[in-house]
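The file input03.txt comes next; it holds compact mmCIF, C-alpha atoms.
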# COMPACT_ATOMS: atom_id res chain seq x y z
CA MET A 133 -21.64 94.21 -84.43
CA SER A 134 -24.23 94.40 -87.24
CA TYR A 135 -27.28 92.55 -88.45
CA MET A 136 -27.63 91.16 -91.94
CA THR A 137 -30.82 89.94 -93.52
CA THR A 138 -30.74 87.16 -96.13
CA GLY A 139 -34.14 86.23 -97.33
CA ARG A 140 -36.32 85.55 -94.31
CA VAL A 141 -33.52 84.49 -91.95
CA ASP A 142 -31.75 87.04 -89.76
CA THR A 143 -28.17 86.29 -88.82
CA LEU A 144 -26.04 87.87 -86.12
CA GLN A 145 -22.52 88.71 -86.96
CA ILE A 146 -20.28 88.32 -83.87
CA GLN A 147 -16.74 89.52 -83.85
CA PRO A 148 -14.16 87.37 -82.00
CA LEU A 149 -13.45 88.50 -78.42
CA VAL A 150 -10.02 89.91 -77.99
CA SER A 151 -8.52 89.48 -74.52
CA HIS A 152 -6.90 92.46 -72.90
CA THR A 153 -3.42 91.63 -71.72
CA GLY A 154 -3.52 94.34 -69.08
CA GLU A 155 -0.81 96.60 -67.91
CA LYS A 156 2.60 95.11 -67.54
CA GLY A 157 3.34 94.18 -63.95
CA ARG A 158 -0.20 94.90 -62.79
CA ARG A 159 -1.26 92.88 -59.75
CA THR A 160 -4.54 91.01 -59.81
CA THR A 161 -6.51 88.87 -57.39
CA ILE A 162 -7.99 86.78 -60.20
CA THR A 163 -6.88 83.14 -60.02
CA SER A 164 -7.65 80.02 -61.97
CA PHE A 165 -11.02 78.37 -61.61
CA GLN A 166 -9.43 75.32 -59.94
CA THR A 167 -7.70 77.48 -57.34
CA MET A 168 -10.89 79.39 -56.60
CA LEU A 169 -12.80 76.12 -56.23
CA GLN A 170 -10.25 74.78 -53.76
CA THR A 171 -10.39 78.01 -51.79
CA GLU A 172 -14.20 77.87 -51.60
CA GLN A 173 -14.10 74.23 -50.48
CA SER A 174 -11.56 75.01 -47.74
CA ALA A 175 -13.66 77.93 -46.50
CA SER A 176 -16.78 75.77 -46.49
CA THR A 177 -15.02 73.02 -44.49
CA ALA A 178 -13.71 75.53 -41.97
CA SER A 179 -17.19 77.01 -41.60
CA ASP A 180 -18.74 73.56 -41.02
CA GLN A 181 -16.12 72.74 -38.39
CA LYS A 182 -16.73 76.04 -36.63
CA THR A 183 -20.48 75.49 -36.66
CA SER A 184 -20.06 71.95 -35.29
CA SER A 185 -17.71 73.18 -32.57
CA THR A 186 -20.12 75.96 -31.60
CA ALA A 187 -23.07 73.56 -31.49
CA SER A 188 -21.10 71.20 -29.26
CA ALA A 189 -20.14 74.05 -26.97
CA GLN A 190 -23.75 75.20 -26.82
CA SER A 191 -25.03 71.75 -25.96
CA GLN A 192 -22.48 71.33 -23.20
CA SER A 193 -22.12 74.76 -21.69
CA GLY A 194 -24.89 76.97 -23.00
CA VAL A 195 -24.59 79.61 -25.73
CA ILE A 196 -21.06 80.85 -26.47
CA PHE A 197 -20.30 83.97 -28.52
CA ARG A 198 -17.62 86.62 -28.78
CA ASP A 199 -18.32 90.00 -27.28
CA PRO A 200 -18.00 92.56 -30.11
CA VAL A 201 -16.65 95.19 -27.72
CA THR A 202 -14.15 93.27 -25.59
CA GLY A 203 -13.48 90.42 -27.98
CA LYS A 204 -13.79 87.93 -25.11
CA ALA A 205 -15.71 84.68 -25.30
CA VAL A 206 -18.93 84.87 -23.29
CA ARG A 207 -21.13 81.96 -22.19
CA TYR A 208 -24.82 82.33 -21.49
CA VAL A 209 -26.69 79.57 -19.66
CA GLU A 210 -30.40 79.68 -18.97
CA VAL A 211 -31.20 79.77 -15.27
CA GLY A 212 -33.46 76.77 -15.59
CA SER A 213 -30.61 74.60 -16.86
CA GLU A 214 -28.39 75.19 -13.85
CA ASP A 215 -28.03 72.36 -11.36
CA ALA A 216 -30.81 72.76 -8.83
CA SER A 217 -28.57 71.34 -6.11
CA SER A 218 -26.42 74.48 -6.25
CA THR A 219 -29.32 76.47 -4.81
CA ASP A 220 -29.90 73.91 -2.10
CA GLU A 221 -26.20 73.86 -1.34
CA THR A 222 -26.12 77.64 -0.99
CA LYS A 223 -29.09 77.50 1.36
CA SER A 224 -27.53 74.74 3.42
CA GLN A 225 -24.30 76.69 3.81
CA SER A 226 -26.25 79.54 5.39
CA LYS A 227 -27.39 77.32 8.23
CA SER A 228 -25.38 77.51 11.41
CA ALA A 229 -24.97 73.77 11.76
CA THR A 230 -24.85 71.29 8.91
CA TYR A 231 -23.12 68.01 8.41
CA THR A 232 -22.20 66.51 5.04
CA GLN A 233 -21.93 62.77 4.62
CA LYS A 234 -19.94 61.87 1.50
CA THR A 235 -20.04 58.53 -0.29
CA SER A 236 -18.35 57.30 -3.47
CA SER A 237 -21.32 58.13 -5.66
CA ASN A 238 -23.00 61.15 -4.09
CA SER A 239 -23.15 63.55 -1.14
CA LYS A 240 -26.00 64.21 1.22
CA THR A 241 -26.36 67.27 3.40
CA THR A 242 -28.11 66.73 6.72
CA SER A 243 -28.84 69.48 9.22
CA ALA A 244 -27.34 68.91 12.63
CA SER A 245 -30.68 69.58 14.29
CA SER A 246 -32.16 66.52 12.60
CA MET A 247 -29.37 64.39 14.08
CA LYS A 248 -29.83 65.50 17.69
CA THR A 249 -32.56 63.11 18.75
CA THR A 250 -34.17 59.82 17.73
CA LYS A 251 -37.42 58.25 18.90
CA TYR A 252 -35.39 55.67 20.84
CA ASP A 253 -32.99 58.03 22.61
CA ALA A 254 -33.98 56.78 26.05
CA TYR A 255 -33.06 53.21 25.07
CA PHE A 256 -29.74 54.26 23.52
CA LYS A 257 -28.80 56.20 26.65
CA LYS A 258 -29.69 53.26 28.85
CA ALA A 259 -27.77 50.78 26.69
CA ALA A 260 -24.70 53.05 26.40
CA LYS A 261 -24.53 53.43 30.17
CA LYS A 262 -25.04 49.75 30.91
CA TYR A 263 -22.48 48.41 28.46
CA GLY A 264 -20.00 51.28 28.41
CA VAL A 265 -20.41 51.97 24.71
CA SER A 266 -20.61 55.36 23.01
CA GLU A 267 -24.22 56.45 22.53
CA SER A 268 -23.32 58.01 19.19
CA LEU A 269 -21.85 54.70 18.03
CA LEU A 270 -25.03 52.82 18.95
CA LYS A 271 -27.16 55.35 17.09
CA ALA A 272 -24.84 55.15 14.09
CA ILE A 273 -25.13 51.37 13.94
CA ALA A 274 -28.92 51.56 14.20
CA LYS A 275 -29.02 54.21 11.48
CA ALA A 276 -26.86 52.14 9.13
CA GLU A 277 -28.58 48.84 9.91
CA SER A 278 -32.29 49.70 9.82
CA ASN A 279 -32.68 53.47 9.88
CA PHE A 280 -34.35 52.98 13.29
CA ASN A 281 -37.03 50.67 11.90
CA ALA A 282 -38.08 48.32 14.72
CA ARG A 283 -39.99 46.07 12.28
CA ASP A 284 -37.17 45.78 9.75
CA LEU A 285 -36.36 42.29 8.45
CA SER A 286 -33.46 41.74 6.07
CA SER A 287 -33.27 39.08 3.36
CA SER A 288 -30.76 37.19 5.53
CA GLY A 289 -33.13 37.18 8.52
CA ALA A 290 -31.62 40.01 10.59
CA MET A 291 -34.30 41.71 12.69
CA GLY A 292 -35.20 45.00 14.31
CA VAL A 293 -33.41 48.26 15.01
CA MET A 294 -29.94 46.77 15.40
CA GLN A 295 -30.55 43.96 12.87
CA LEU A 296 -29.86 40.98 15.10
CA MET A 297 -29.75 37.49 13.63
CA PRO A 298 -32.08 34.99 15.38
CA GLU A 299 -29.25 32.97 16.91
CA THR A 300 -27.37 36.10 17.96
CA ALA A 301 -30.51 37.56 19.53
CA ARG A 302 -31.03 34.42 21.60
CA SER A 303 -27.42 34.40 22.77
CA LEU A 304 -27.80 38.02 23.86
CA GLY A 305 -30.93 37.28 25.85
CA VAL A 306 -33.30 39.05 23.45
CA ASP A 307 -36.72 37.36 23.62
CA ASP A 308 -38.47 39.65 21.13
CA PRO A 309 -36.13 41.05 18.47
CA TYR A 310 -38.91 43.37 17.27
CA ASP A 311 -39.16 45.07 20.64
CA PRO A 312 -36.98 48.19 20.14
CA GLU A 313 -35.74 48.32 23.74
CA GLN A 314 -34.72 44.67 23.83
CA ASN A 315 -33.16 44.90 20.40
CA ILE A 316 -31.12 48.01 21.20
CA MET A 317 -29.94 46.54 24.49
CA GLY A 318 -28.95 43.36 22.66
CA GLY A 319 -27.11 45.28 19.96
CA ALA A 320 -25.24 47.34 22.55
CA LYS A 321 -24.19 44.18 24.35
CA CYS A 322 -23.03 42.66 21.08
CA ILE A 323 -20.86 45.59 19.99
CA ALA A 324 -19.44 45.84 23.53
CA GLN A 325 -18.35 42.20 23.26
CA LYS A 326 -16.74 42.84 19.88
CA LEU A 327 -14.87 45.88 21.18
CA LYS A 328 -13.49 43.81 24.03
CA GLU A 329 -12.59 40.95 21.69
CA PHE A 330 -10.62 43.24 19.38
CA ASP A 331 -8.95 45.33 22.07
CA GLY A 332 -11.09 48.43 21.56
CA ASP A 333 -10.46 48.67 17.80
CA VAL A 334 -13.73 50.22 16.62
CA LYS A 335 -13.26 49.33 12.96
CA LEU A 336 -12.52 45.68 13.67
CA ALA A 337 -15.42 45.53 16.13
CA LEU A 338 -17.78 46.96 13.52
CA ALA A 339 -16.50 44.49 10.93
CA ALA A 340 -17.19 41.66 13.38
CA TYR A 341 -20.66 43.06 14.13
CA ASN A 342 -21.37 43.16 10.40
CA ALA A 343 -19.79 39.91 9.20
CA GLY A 344 -18.93 37.96 12.35
CA SER A 345 -15.74 37.61 14.33
CA GLY A 346 -14.72 34.54 12.32
CA ALA A 347 -14.71 36.52 9.07
CA VAL A 348 -12.45 39.18 10.61
CA LYS A 349 -10.00 36.58 11.92
CA ARG A 350 -9.90 34.71 8.62
CA ALA A 351 -9.21 37.94 6.76
CA GLY A 352 -6.54 38.93 9.27
CA GLY A 353 -8.21 42.33 9.51
CA ILE A 354 -11.17 44.08 7.95
CA PRO A 355 -12.82 42.02 5.18
CA SER A 356 -13.22 44.01 1.96
CA LYS A 357 -16.99 43.53 2.05
CA CYS A 358 -17.14 45.42 5.37
CA GLN A 359 -15.29 48.52 4.22
CA SER A 360 -18.32 50.49 3.04
CA TYR A 361 -20.34 49.47 6.12
CA ILE A 362 -17.65 50.71 8.50
CA LYS A 363 -17.29 53.95 6.58
CA LYS A 364 -21.03 54.53 6.74
CA VAL A 365 -21.29 53.85 10.47
CA LEU A 366 -18.34 56.08 11.34
CA SER A 367 -19.81 58.82 9.15
CA TYR A 368 -23.10 58.63 11.04
CA GLN A 369 -21.29 58.59 14.37
CA GLU A 370 -19.43 61.78 13.46
CA ALA A 371 -22.74 63.34 12.47
CA TYR A 372 -24.33 62.58 15.85
CA GLU A 373 -21.31 63.83 17.74
CA THR A 374 -21.23 67.03 15.67
CA ALA A 375 -24.94 67.57 16.33
CA LYS A 376 -24.33 67.17 20.05
CA LYS A 377 -21.51 69.71 20.05
CA VAL A 378 -23.48 72.40 18.26
CA GLY A 379 -26.27 71.96 20.78

Write-out of the structure in structure tokens:
Amino acid sequence: MSYMTTGRVDTLQIQPLVSHTGEKGRRTTITSFQTMLQTEQSASTASDQKTSSTASAQSQSGVIFRDPVTGKAVRYVEVGSEDASSTDETKSQSKSATYTQKTSSNSKTTSASSMKTTKYDAYFKKAAKKYGVSESLLKAIAKAESNFNARDLSSSGAMGVMQLMPETARSLGVDDPYDPEQNIMGGAKCIAQKLKEFDGDVKLALAAYNAGSGAVKRAGGIPSKCQSYIKKVLSYQEAYETAKKVG
């Protein structure tokens, strides 16, 4: 190229660019602009999807990456994010005697030692002997009904440790439903009557204790509303019997 000066204006002489056709049959990686644009867009989309997937994995399971040596996927989770119950579960498994009560929504681990005695053991023993009912069953009913609260009063009017209704308490000879001894003796008498009425069928007897004998007869078996109650009582009974066995 060369410069030419005409008067006071400089002009630049530019020769046309001649394209090189290249060697015949030579391979090249150069593609059209449109193809390159499509390639870039595809790579960008793939990268975004990978980033999104990684972020999702990180939020759900901690940090995931590929080990450069082994090529395997590795997950790192901070200790603080682990479920604290796993530690408690590990500790509970190390105890010599534990009992796990499972419900539909959660599980609760109770040491057998805490199920060995209650503050009303003397009354439960006395009632079990007098009415020929399992002591563990009486304790289980009391646990499910009031959690051994002698002053408990339900919204329906059931009272005391065994949650006796006023009319039921009177029919059982209970003068003071809030007296734990009277209440437990009354409850033992009641469940003994139900066991006799339903030929020793514990589940039917418990359903009758919970909803009344009439409800059981009308349902021709265990009313659906009593299912969870029966399951709870039997679970507690097993816990007390397990605690007794492990000494």

Atomic distance atom CA of A:Ala259 - atom CA of A:Asp311, expressed in Å with one decimal: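 We find that atom CA of A:Ala259 and atom CA of A:Asp311 lie 14.1 Å from each other.
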
Residue nearest A:Val365 - candidates A:Gly305, A:Glu267, A:Gly352, A:Ala272, atoms counted: all atoms listed in the file: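 Closest candidate: A:Ala272.
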
Excluding A:Ser278 and residues on its chain fewer than 2 positions from it, collect all residues at most 12 Å away from it, counting all atoms listed in the file, and give them as an NGL selection string. :A and (271-276 or 280-286 or 290-296 or 310 or 312 or 315-316 or 365)

Quick one: of A:Ala320, A:Ala371, A:Ala337, A:Met297, who's nearest to A:Lys257, counting only C-alpha atoms?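 Ranked by minimum distance to A:Lys257, first place goes to A:Ala320.
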
Kindly indicate which residue among A:Lys363, A:Leu270, A:Pro309, A:Asp331 lies nearest to A:Gly289, using all atoms listed in the file for the distances.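 Answer, going by the shortest atom-to-atom distance: A:Pro309.
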
Can you tell me how far atom CA of A:Tyr361 sits from atom CA of A:Ala339, in Å to one decimal? 7.9 Å

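Between atom CA of A:Ser268 and atom CA of A:Asn342 the separation is 17.4 Å.
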
Neighbours of point (-34.1, 50.3, 26.9) within 6 Å, using all atoms listed in the file, written as a list of chain:residue names: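 Here is the list of nearby residues: A:Tyr255, A:Lys258, A:Glu313.
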